[in-house]
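Coordinates from data.txt are shown below (compact mmCIF, C-alpha atoms).
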```txt
# COMPACT_ATOMS: atom_id res chain seq x y z
CA MET G 1 2.57 -5.94 250.46
CA LYS G 2 3.37 -8.48 253.15
CA PHE G 3 6.13 -7.49 255.54
CA ASP G 4 9.04 -9.90 255.94
CA ILE G 5 8.83 -10.68 259.67
CA THR G 6 12.48 -11.75 259.76
CA LYS G 7 13.34 -8.09 259.12
CA ARG G 8 11.30 -6.79 262.06
CA MET G 9 14.38 -5.86 264.06
CA GLU G 10 16.89 -4.85 261.39
CA VAL G 11 17.67 -1.55 263.13
CA VAL G 12 18.25 -3.36 266.42
CA ASP G 13 20.36 -6.00 264.63
CA ARG G 14 22.58 -3.26 263.19
CA ALA G 15 22.83 -1.53 266.57
CA ILE G 16 23.96 -4.82 268.16
CA GLU G 17 26.61 -5.32 265.47
CA SER G 18 28.02 -1.82 266.00
CA THR G 19 27.87 -1.77 269.82
CA ALA G 20 31.12 -2.90 271.45
CA ASN G 21 30.34 -1.84 275.03
CA PRO G 22 29.56 -5.20 276.77
CA LEU G 23 26.70 -3.85 278.92
CA HIS G 24 25.11 -1.96 276.02
CA ASN G 25 25.47 -5.01 273.78
CA ALA G 26 23.87 -7.27 276.43
CA ILE G 27 20.99 -4.81 276.86
CA LEU G 28 20.24 -4.79 273.14
CA ARG G 29 20.47 -8.57 272.84
CA ASN G 30 18.21 -9.04 275.88
CA TYR G 31 15.74 -6.71 274.14
CA ARG G 32 15.97 -8.60 270.84
CA ARG G 33 15.19 -11.91 272.57
CA HIS G 34 12.43 -10.24 274.62
CA ALA G 35 10.75 -8.76 271.54
CA THR G 36 10.98 -12.01 269.59
CA LEU G 37 9.45 -14.01 272.45
CA GLU G 38 6.69 -11.41 272.80
CA VAL G 39 5.77 -11.59 269.11
CA CYS G 40 5.79 -15.38 269.25
CA GLY G 41 3.38 -15.41 272.20
CA LEU G 42 6.07 -16.94 274.44
CA TRP G 43 5.98 -14.20 277.06
CA PRO G 44 6.49 -16.50 280.11
CA GLU G 45 10.08 -16.94 278.87
CA ILE G 46 10.59 -13.17 279.11
CA LEU G 47 9.70 -13.16 282.79
CA VAL G 48 12.58 -15.32 284.00
CA PRO G 49 15.41 -14.04 286.25
CA GLU G 50 17.95 -14.26 283.41
CA MET G 51 15.90 -11.73 281.41
CA THR G 52 13.72 -9.66 283.76
CA ASP G 53 14.06 -8.50 287.38
CA GLU G 54 11.22 -9.82 289.54
CA ASN G 55 10.46 -6.26 290.69
CA ALA G 56 10.38 -4.78 287.19
CA LYS G 57 7.92 -1.95 286.62
CA TYR G 58 5.93 -1.31 283.46
CA ARG G 59 4.32 2.05 282.72
CA ILE G 60 2.33 2.08 279.50
CA HIS G 61 1.07 5.55 278.63
CA ARG G 62 -1.85 4.94 276.30
CA THR G 63 -3.76 7.81 274.81
CA ASP G 64 -6.68 7.14 277.16
CA LYS G 65 -5.04 5.84 280.33
CA LEU G 66 -1.91 4.79 282.14
CA VAL G 67 -1.39 1.05 282.58
CA VAL G 68 0.77 0.28 285.62
CA ALA G 69 2.28 -3.11 286.45
CA ASN G 70 4.64 -3.61 289.39
CA GLY G 71 6.48 -6.91 289.57
CA ILE G 72 6.38 -9.86 287.23
CA LYS G 73 2.99 -11.16 288.46
CA GLN G 74 1.26 -7.97 287.37
CA ILE G 75 3.36 -7.81 284.21
CA ALA G 76 2.25 -11.34 283.35
CA GLU G 77 -1.33 -10.05 283.30
CA VAL G 78 -0.37 -7.42 280.71
CA TYR G 79 1.05 -10.12 278.45
CA SER G 80 -1.88 -12.47 279.11
CA LYS G 81 -4.22 -9.79 277.86
CA MET G 82 -2.19 -9.36 274.67
CA GLU G 83 -2.32 -13.09 274.10
CA GLU G 84 -6.09 -13.26 274.78
CA THR G 85 -6.74 -10.55 272.20
CA GLY G 86 -4.58 -12.31 269.57
CA SER G 87 -2.51 -9.17 269.08
CA THR G 88 1.05 -10.21 269.83
CA VAL G 89 2.34 -10.00 266.26
CA ILE G 90 3.95 -6.61 265.75
CA TYR G 91 6.60 -5.23 263.46
CA HIS G 92 8.36 -1.87 263.50
CA THR G 93 9.31 0.57 260.75
CA ASP G 94 11.12 3.93 260.86
CA GLU G 95 12.93 2.88 264.04
CA HIS G 96 15.64 4.79 265.86
CA ILE G 97 17.32 3.20 268.88
CA MET G 98 19.87 4.55 271.34
CA VAL G 99 21.51 2.74 274.24
CA SER G 100 23.21 3.92 277.41
CA ASP G 101 24.22 2.43 280.78
CA GLU G 102 20.65 2.81 282.07
CA GLY G 103 18.95 1.11 279.14
CA PHE G 104 17.75 1.99 275.68
CA MET G 105 15.24 4.31 274.09
CA SER G 106 13.54 3.62 270.81
CA GLU G 107 11.09 5.52 268.64
CA TYR G 108 9.33 3.72 265.82
CA LYS G 109 6.10 3.14 263.97
CA SER G 110 4.40 0.03 265.33
CA HIS G 111 2.26 -2.13 263.03
CA ARG G 112 0.22 -4.61 265.03
CA PHE G 113 -2.15 -7.31 263.79
CA TRP G 114 -5.51 -7.54 265.51
CA ASP G 115 -8.58 -9.75 265.25
CA GLY G 116 -11.59 -7.60 264.45
CA LEU G 117 -13.51 -9.13 267.33
CA ALA G 118 -10.88 -8.07 269.87
CA LEU G 119 -10.48 -4.64 268.32
CA GLN G 120 -14.24 -4.07 268.42
CA SER G 121 -14.24 -4.10 272.20
CA VAL G 122 -11.27 -1.79 272.69
CA VAL G 123 -11.48 0.67 269.79
CA ASP G 124 -14.41 0.65 267.39
CA ALA G 125 -17.61 -1.38 267.62
CA THR G 126 -18.31 -0.97 263.89
CA LEU G 127 -15.31 -3.07 262.79
CA ASP G 128 -15.90 -6.46 261.18
CA PRO G 129 -15.46 -9.08 263.94
CA ASN G 130 -14.38 -11.69 261.41
CA ALA G 131 -11.73 -9.57 259.68
CA LYS G 132 -8.10 -8.91 260.52
CA TYR G 133 -6.80 -5.38 260.94
CA ILE G 134 -3.43 -3.64 261.13
CA VAL G 135 -3.15 -0.90 263.73
CA SER G 136 -0.28 1.53 262.99
CA GLN G 137 0.92 4.05 265.53
CA THR G 138 4.12 5.81 266.51
CA LEU G 139 5.57 4.82 269.86
CA ILE G 140 8.51 5.78 271.99
CA THR G 141 9.89 3.47 274.65
CA PHE G 142 12.45 3.57 277.43
CA PHE G 143 13.47 0.15 278.75
CA THR G 144 15.66 0.23 281.85
CA TYR G 145 18.24 -2.44 282.75
CA ASN G 146 20.48 -3.09 285.72
CA ASP G 147 24.26 -3.41 285.59
CA ARG G 148 23.94 -7.07 284.55
CA GLY G 149 21.76 -6.24 281.54
CA ILE G 150 18.57 -7.52 283.19
CA LEU G 151 15.33 -5.65 282.41
CA THR G 152 14.07 -3.53 285.34
CA GLY G 153 11.35 -1.53 283.62
CA GLU G 154 9.44 -0.56 280.51
CA ARG G 155 8.10 2.91 279.91
CA VAL G 156 6.00 3.00 276.77
CA TYR G 157 4.32 6.06 275.27
CA HIS G 158 1.70 5.68 272.56
CA GLY G 159 1.44 8.35 269.90
CA THR G 160 -1.91 9.90 269.08
CA ASP G 161 -1.65 9.15 265.37
CA ARG G 162 -3.25 5.71 265.38
CA GLU G 163 -4.51 4.40 262.05
CA ILE G 164 -6.56 1.25 261.62
CA ARG G 165 -6.79 -0.44 258.26
CA PHE G 166 -8.18 -3.68 256.94
CA CYS G 167 -5.52 -6.36 256.65
CA GLU G 168 -5.56 -8.09 253.27
CA PRO G 169 -5.32 -11.88 253.70
CA GLY G 170 -2.00 -11.84 251.84
CA GLU G 171 -0.52 -9.39 254.37
CA LEU G 172 -1.41 -11.35 257.48
CA ILE G 173 1.45 -12.60 259.65
CA THR G 174 0.39 -15.27 262.12
CA VAL G 175 1.97 -16.31 265.42
CA GLN G 176 2.64 -19.66 263.79
CA GLU G 177 4.66 -17.98 261.04
CA CYS G 178 6.64 -16.03 263.67
CA LEU G 179 7.37 -19.24 265.55
CA GLU G 180 8.63 -20.92 262.37
CA LYS G 181 10.73 -18.03 261.08
CA LEU G 182 12.04 -16.33 264.21
CA LEU G 183 12.59 -19.04 266.81
CA PRO G 184 15.33 -20.95 264.91
CA ASN G 185 17.57 -17.87 265.19
CA ILE G 186 16.76 -16.72 268.73
CA GLU G 187 19.64 -16.44 271.19
CA SER G 188 19.54 -18.05 274.61
CA PRO G 189 20.08 -15.81 277.67
CA LEU G 190 23.42 -17.56 278.10
CA ASP G 191 24.62 -16.10 274.80
CA PHE G 192 24.51 -12.54 276.12
CA ALA G 193 24.85 -13.03 279.90
CA LEU G 194 27.50 -10.83 281.47
CA ALA G 195 30.14 -12.63 283.48
CA MET C 1 13.79 33.86 273.58
CA TRP C 2 12.56 31.08 271.31
CA GLU C 3 13.38 33.15 268.20
CA GLU C 4 17.04 32.35 268.84
CA ILE C 5 16.28 28.64 268.57
CA LEU C 6 14.83 28.99 265.09
CA VAL C 7 17.95 30.28 263.34
CA PRO C 8 19.80 28.26 260.67
CA GLU C 9 22.75 27.67 262.99
CA MET C 10 20.43 25.83 265.43
CA THR C 11 17.37 24.54 263.56
CA ASP C 12 16.78 23.40 259.99
CA SER C 13 14.21 25.55 258.19
CA HIS C 14 12.19 22.39 257.38
CA ALA C 15 12.21 21.02 260.92
CA GLN C 16 9.17 18.96 261.87
CA TYR C 17 7.55 18.95 265.30
CA ARG C 18 5.09 16.24 266.39
CA ILE C 19 3.70 16.62 269.91
CA HIS C 20 1.53 13.70 270.98
CA ASP C 21 -0.82 14.79 273.73
CA TYR C 22 -3.83 12.69 274.72
CA GLY C 23 -6.32 12.45 271.83
CA LYS C 24 -4.48 14.85 269.52
CA VAL C 25 -1.15 15.35 267.82
CA VAL C 26 0.15 18.88 267.31
CA GLN C 27 2.02 19.07 264.00
CA ALA C 28 4.28 21.83 262.73
CA ASP C 29 6.24 21.62 259.51
CA GLY C 30 8.95 24.21 258.99
CA VAL C 31 10.13 26.99 261.25
CA GLN C 32 7.19 29.27 260.50
CA GLN C 33 4.72 26.73 261.89
CA VAL C 34 7.11 25.79 264.71
CA ALA C 35 7.24 29.47 265.70
CA GLU C 36 3.47 29.37 266.31
CA ILE C 37 3.98 26.67 268.96
CA TYR C 38 6.54 28.78 270.80
CA LYS C 39 4.43 31.94 270.50
CA ARG C 40 1.55 30.10 272.13
CA MET C 41 3.79 29.00 275.02
CA VAL C 42 4.90 32.59 275.55
CA ASN C 43 1.33 33.91 275.31
CA LEU C 44 0.26 31.37 277.93
CA ARG C 45 3.26 32.33 280.11
CA SER C 46 4.16 28.67 280.52
CA THR C 47 7.75 28.47 279.26
CA VAL C 48 9.40 27.79 282.63
CA MET C 49 9.86 24.08 283.30
CA HIS C 50 12.39 21.71 284.76
CA TYR C 51 12.99 17.98 284.46
CA SER C 52 13.64 15.42 287.15
CA PRO C 53 14.58 12.67 287.04
CA GLU C 54 15.91 12.63 283.49
CA TYR C 55 17.53 9.95 281.39
CA VAL C 56 19.11 10.90 278.10
CA THR C 57 20.75 8.92 275.31
CA VAL C 58 22.47 10.18 272.18
CA SER C 59 23.41 8.70 268.83
CA ASP C 60 24.34 9.89 265.34
CA VAL C 61 20.68 10.58 264.54
CA GLY C 62 19.86 12.66 267.60
CA MET C 63 18.97 12.35 271.25
CA MET C 64 16.18 10.84 273.31
CA SER C 65 15.12 11.85 276.79
CA GLN C 66 12.70 10.48 279.32
CA HIS C 67 11.82 12.66 282.26
CA VAL C 68 9.20 13.96 284.60
CA ASN C 69 8.37 17.42 283.33
CA ARG C 70 7.43 20.06 285.92
CA ARG C 71 6.00 23.13 284.22
CA PHE C 72 4.73 26.34 285.81
CA TRP C 73 1.39 27.72 284.61
CA PRO C 74 -0.65 30.75 285.62
CA GLY C 75 -4.14 29.61 286.62
CA SER C 76 -5.63 32.00 284.07
CA SER C 77 -3.66 30.29 281.28
CA LEU C 78 -4.87 26.86 282.34
CA LEU C 79 -8.44 28.18 282.25
CA GLN C 80 -7.73 29.57 278.78
CA ILE C 81 -6.86 26.09 277.49
CA GLY C 82 -9.88 24.52 279.15
CA VAL C 83 -8.38 23.18 282.38
CA GLU C 84 -10.56 23.86 285.43
CA VAL C 85 -8.67 25.45 288.34
CA ASP C 86 -9.90 27.25 291.45
CA GLU C 87 -7.71 30.35 291.37
CA PRO C 88 -6.95 32.14 288.10
CA ASP C 89 -4.45 34.39 289.87
CA ALA C 90 -2.48 31.52 291.45
CA HIS C 91 0.34 29.59 289.84
CA TYR C 92 0.08 25.87 289.25
CA LEU C 93 2.62 23.14 288.71
CA VAL C 94 1.77 20.64 285.97
CA THR C 95 3.73 17.41 286.42
CA GLN C 96 3.81 14.79 283.69
CA SER C 97 6.10 12.05 282.40
CA MET C 98 7.44 12.71 278.93
CA CYS C 99 9.60 10.98 276.41
CA MET C 100 11.03 12.65 273.35
CA PHE C 101 13.23 12.16 270.34
CA PHE C 102 15.03 15.17 268.87
CA SER C 103 16.58 14.44 265.48
CA TYR C 104 19.65 16.26 264.16
CA ASN C 105 21.52 16.27 260.87
CA GLU C 106 25.25 15.57 260.43
CA LYS C 107 26.01 19.19 261.29
CA ALA C 108 24.12 18.80 264.61
CA ILE C 109 21.32 21.10 263.43
CA LEU C 110 17.86 20.22 264.79
CA THR C 111 15.62 18.60 262.16
CA GLY C 112 12.73 17.44 264.33
CA GLU C 113 11.12 17.11 267.73
CA PHE C 114 8.92 14.11 268.47
CA VAL C 115 7.40 14.57 271.91
CA TYR C 116 5.12 12.13 273.73
CA ASN C 117 3.22 13.32 276.79
CA GLY C 118 2.48 10.71 279.42
CA ALA C 119 -0.97 9.81 280.68
CA ASP C 120 -0.07 10.68 284.28
CA LYS C 121 -0.58 14.47 284.26
CA LYS C 122 -1.10 16.01 287.70
CA ILE C 123 -1.99 19.64 288.39
CA THR C 124 -1.28 21.07 291.82
CA LYS C 125 -1.25 24.59 293.17
CA CYS C 126 2.31 25.86 293.27
CA ASP C 127 3.68 26.78 296.66
CA PRO C 128 4.92 30.38 296.24
CA VAL C 129 8.39 29.36 297.45
CA GLU C 130 8.60 26.77 294.67
CA PHE C 131 7.71 29.20 291.94
CA ILE C 132 10.37 30.00 289.35
CA THR C 133 9.91 33.11 287.25
CA LEU C 134 11.10 33.84 283.74
CA GLU C 135 13.27 36.61 285.16
CA GLU C 136 14.98 34.18 287.52
CA CYS C 137 15.70 31.86 284.56
CA ARG C 138 17.23 34.69 282.58
CA GLU C 139 19.38 35.82 285.49
CA LYS C 140 20.69 32.36 286.36
CA LEU C 141 20.82 30.55 283.01
CA LEU C 142 21.84 33.07 280.40
CA PRO C 143 25.30 33.63 281.91
CA LEU C 144 25.94 29.90 281.45
CA ILE C 145 24.62 29.45 277.92
CA ASN C 146 26.95 28.35 275.10
CA SER C 147 27.25 30.52 272.03
CA ILE C 148 26.48 29.00 268.64
CA GLU C 149 30.16 29.34 267.71
CA GLU C 150 31.09 27.15 270.68
CA ILE C 151 28.87 24.27 269.57
CA SER C 152 29.21 24.48 265.80
CA ILE C 153 30.94 21.70 263.88
CA ASN C 154 33.42 22.90 261.27
```
Would you give me this structure, written as structure tokens?
Amino acid sequence: MKFDITKRMEVVDRAIESTANPLHNAILRNYRRHATLEVCGLWPEILVPEMTDENAKYRIHRTDKLVVANGIKQIAEVYSKMEETGSTVIYHTDEHIMVSDEGFMSEYKSHRFWDGLALQSVVDATLDPNAKYIVSQTLITFFTYNDRGILTGERVYHGTDREIRFCEPGELITVQECLEKLLPNIESPLDFALA
Amino acid sequence: MWEEILVPEMTDSHAQYRIHDYGKVVQADGVQQVAEIYKRMVNLRSTVMHYSPEYVTVSDVGMMSQHVNRRFWPGSSLLQIGVEVDEPDAHYLVTQSMCMFFSYNEKAILTGEFVYNGADKKITKCDPVEFITLEECREKLLPLINSIEEISIN
């Protein structure tokens, strides 16, 4: 059954509604905009001073290696690679999110759409290069923010329970669909900027 | 003293543990299987660890923590689990980033541990002055520990 992409952040939406602390609220809303831009392939808009500190650090603990990016130039390369592999569309299920003055932590099951051709080179050469696949995996993340609610770092840990399954054509969610359904409701950084 | 963790006042009998560690996930469903994980830690004499720096957040569903874990291992135990070290009789410090989610029910009883080991594990020989023994932990920590009655919710 096709997932409704407009419900990809329902847990985060509820957390925002129930979070009165201004810094915590700004952190969660920065994250919601960040994640929406990422899914829509609009990552350059994440790496602006109103959203992300220029010295932000990313540490992505994959099951086979640690990906390190220091500063937004190196981080841009991480996003460029996602875009090149056509794998920016992701939705989460079974999510738990918690926020504090330092940032937020979230654990969830990630479901990410991949082109078979791109997945062949990184995971399994026997996959059909012309098919679409859904890669499901648990993840836990810690995103750090400064006292103005600006992102200073991402620490991402991939679970070792990855499952790859063929994506039925009716299940596929395209970047175009994300752009059409998610962008009309996205907040601007001004909406959650702290005074 | 892990047996005291797995009592109904602390841990639900159906608690689930999922430990993600490089190409494998260790799964334990229920306190009997969870006990096997703790027994293995004791048998390998690798229960002493400390965290720094640590960030922790809490909500109604549990707590999450991100930290650098520093865990003491006898060289012989590392060899036993397939890690090559020079001196079986020496102690080693295994340093690794970790992030975890511990879930709790509405009575604050543990229902699950979801632990993710980072891909930055480093193993160094432990300077003898750095070494912390189990006995030292018992002497210094047990006098400070809360009783179950102190943390229980009526």
From G:Thr63, G:Asn70, G:Gln176, G:Thr85, residue lying nearest His20 of chain C [all atoms listed in the file]: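 When distances to His20 of chain C are compared using all atoms listed in the file, the smallest one comes from G:Thr63.
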Rank nothing, just name the residue among G:Ala76, G:Ser188, G:Ser100, G:Leu66 nearest to Ser97 of chain C, using all atoms listed in the file.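 Distance minimum relative to Ser97 of chain C lands on G:Leu66.
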Quick one, how far is atom CA of Tyr22 of chain C from atom CA of Val58 of chain C? 26.5 Å
Do me a favour and pick out the residues of chain G within 10 Å of chain C, using all atoms listed in the file, as a ChimeraX atom specification. /G:59-67,96-107,138-142,144,155-162
Near Asn55 of chain G, within 9 Å and counting all atoms listed in the file, which residues show up once chain neighbours fewer than 4 positions away are dropped, as a ChimeraX atom specification? /G:70-72,152-153
How would segment 94-126 of chain G look written as a compact mmCIF listing (two decimals), in the first residue's frame with N, CA and C atoms?
```txt
# COMPACT_ATOMS: atom_id res chain seq x y z
N ASP G 94 7.11 4.23 13.05
CA ASP G 94 7.53 3.82 14.40
C ASP G 94 8.52 4.81 15.00
N GLU G 95 8.21 6.10 14.88
CA GLU G 95 9.17 7.12 15.31
C GLU G 95 8.92 7.56 16.76
N HIS G 96 10.02 7.77 17.46
CA HIS G 96 9.99 8.38 18.80
C HIS G 96 10.97 9.54 18.75
N ILE G 97 10.54 10.71 19.24
CA ILE G 97 11.42 11.88 19.20
C ILE G 97 11.41 12.57 20.56
N MET G 98 12.58 13.04 20.97
CA MET G 98 12.72 13.72 22.25
C MET G 98 13.62 14.94 22.04
N VAL G 99 13.26 16.04 22.68
CA VAL G 99 14.01 17.28 22.47
C VAL G 99 14.52 17.82 23.80
N SER G 100 15.68 18.46 23.73
CA SER G 100 16.26 19.09 24.92
C SER G 100 16.96 20.36 24.46
N ASP G 101 17.64 21.06 25.38
CA ASP G 101 18.32 22.31 25.00
C ASP G 101 19.45 22.08 24.00
N GLU G 102 20.01 20.88 23.97
CA GLU G 102 21.13 20.61 23.05
C GLU G 102 20.67 20.19 21.67
N GLY G 103 19.42 19.74 21.55
CA GLY G 103 18.96 19.26 20.25
C GLY G 103 17.86 18.24 20.41
N PHE G 104 17.75 17.34 19.44
CA PHE G 104 16.75 16.28 19.59
C PHE G 104 17.37 14.94 19.21
N MET G 105 16.76 13.89 19.75
CA MET G 105 17.11 12.53 19.35
C MET G 105 15.84 11.87 18.83
N SER G 106 16.02 11.02 17.83
CA SER G 106 14.88 10.35 17.23
C SER G 106 15.28 8.94 16.84
N GLU G 107 14.41 8.00 17.12
CA GLU G 107 14.60 6.63 16.65
C GLU G 107 13.40 6.27 15.80
N TYR G 108 13.64 5.65 14.67
CA TYR G 108 12.52 5.36 13.76
C TYR G 108 12.95 4.28 12.75
N LYS G 109 11.95 3.81 12.02
CA LYS G 109 12.25 2.92 10.89
C LYS G 109 12.20 3.78 9.63
N SER G 110 13.30 3.81 8.91
CA SER G 110 13.40 4.60 7.69
C SER G 110 13.03 3.72 6.50
N HIS G 111 12.23 4.30 5.59
CA HIS G 111 11.86 3.60 4.35
C HIS G 111 12.27 4.53 3.21
N ARG G 112 13.25 4.09 2.45
CA ARG G 112 13.87 4.99 1.47
C ARG G 112 13.76 4.38 0.07
N PHE G 113 13.36 5.19 -0.88
CA PHE G 113 13.20 4.72 -2.26
C PHE G 113 14.54 4.84 -3.01
N TRP G 114 14.87 3.79 -3.71
CA TRP G 114 16.14 3.75 -4.45
C TRP G 114 15.90 3.26 -5.88
N ASP G 115 16.67 3.83 -6.82
CA ASP G 115 16.75 3.25 -8.16
C ASP G 115 17.61 2.00 -8.07
N GLY G 116 17.17 0.95 -8.77
CA GLY G 116 17.95 -0.29 -8.75
C GLY G 116 19.38 -0.09 -9.20
N LEU G 117 19.55 0.76 -10.20
CA LEU G 117 20.90 0.99 -10.73
C LEU G 117 21.83 1.54 -9.66
N ALA G 118 21.33 2.50 -8.89
CA ALA G 118 22.16 3.11 -7.83
C ALA G 118 22.40 2.11 -6.71
N LEU G 119 21.39 1.33 -6.40
CA LEU G 119 21.51 0.37 -5.30
C LEU G 119 22.47 -0.77 -5.65
N GLN G 120 22.50 -1.10 -6.94
CA GLN G 120 23.43 -2.14 -7.41
C GLN G 120 24.86 -1.85 -6.98
N SER G 121 25.26 -0.59 -7.14
CA SER G 121 26.66 -0.26 -6.89
C SER G 121 26.99 -0.19 -5.41
N VAL G 122 26.00 0.08 -4.56
CA VAL G 122 26.32 0.24 -3.14
C VAL G 122 25.92 -0.96 -2.29
N VAL G 123 25.02 -1.81 -2.79
CA VAL G 123 24.55 -2.90 -1.92
C VAL G 123 24.62 -4.27 -2.57
N ASP G 124 23.99 -4.44 -3.72
CA ASP G 124 23.81 -5.79 -4.25
C ASP G 124 23.78 -5.74 -5.78
N ALA G 125 24.80 -6.30 -6.39
CA ALA G 125 24.94 -6.24 -7.85
C ALA G 125 23.87 -7.04 -8.58
N THR G 126 23.14 -7.91 -7.87
CA THR G 126 22.15 -8.76 -8.55
C THR G 126 20.79 -8.07 -8.70
```
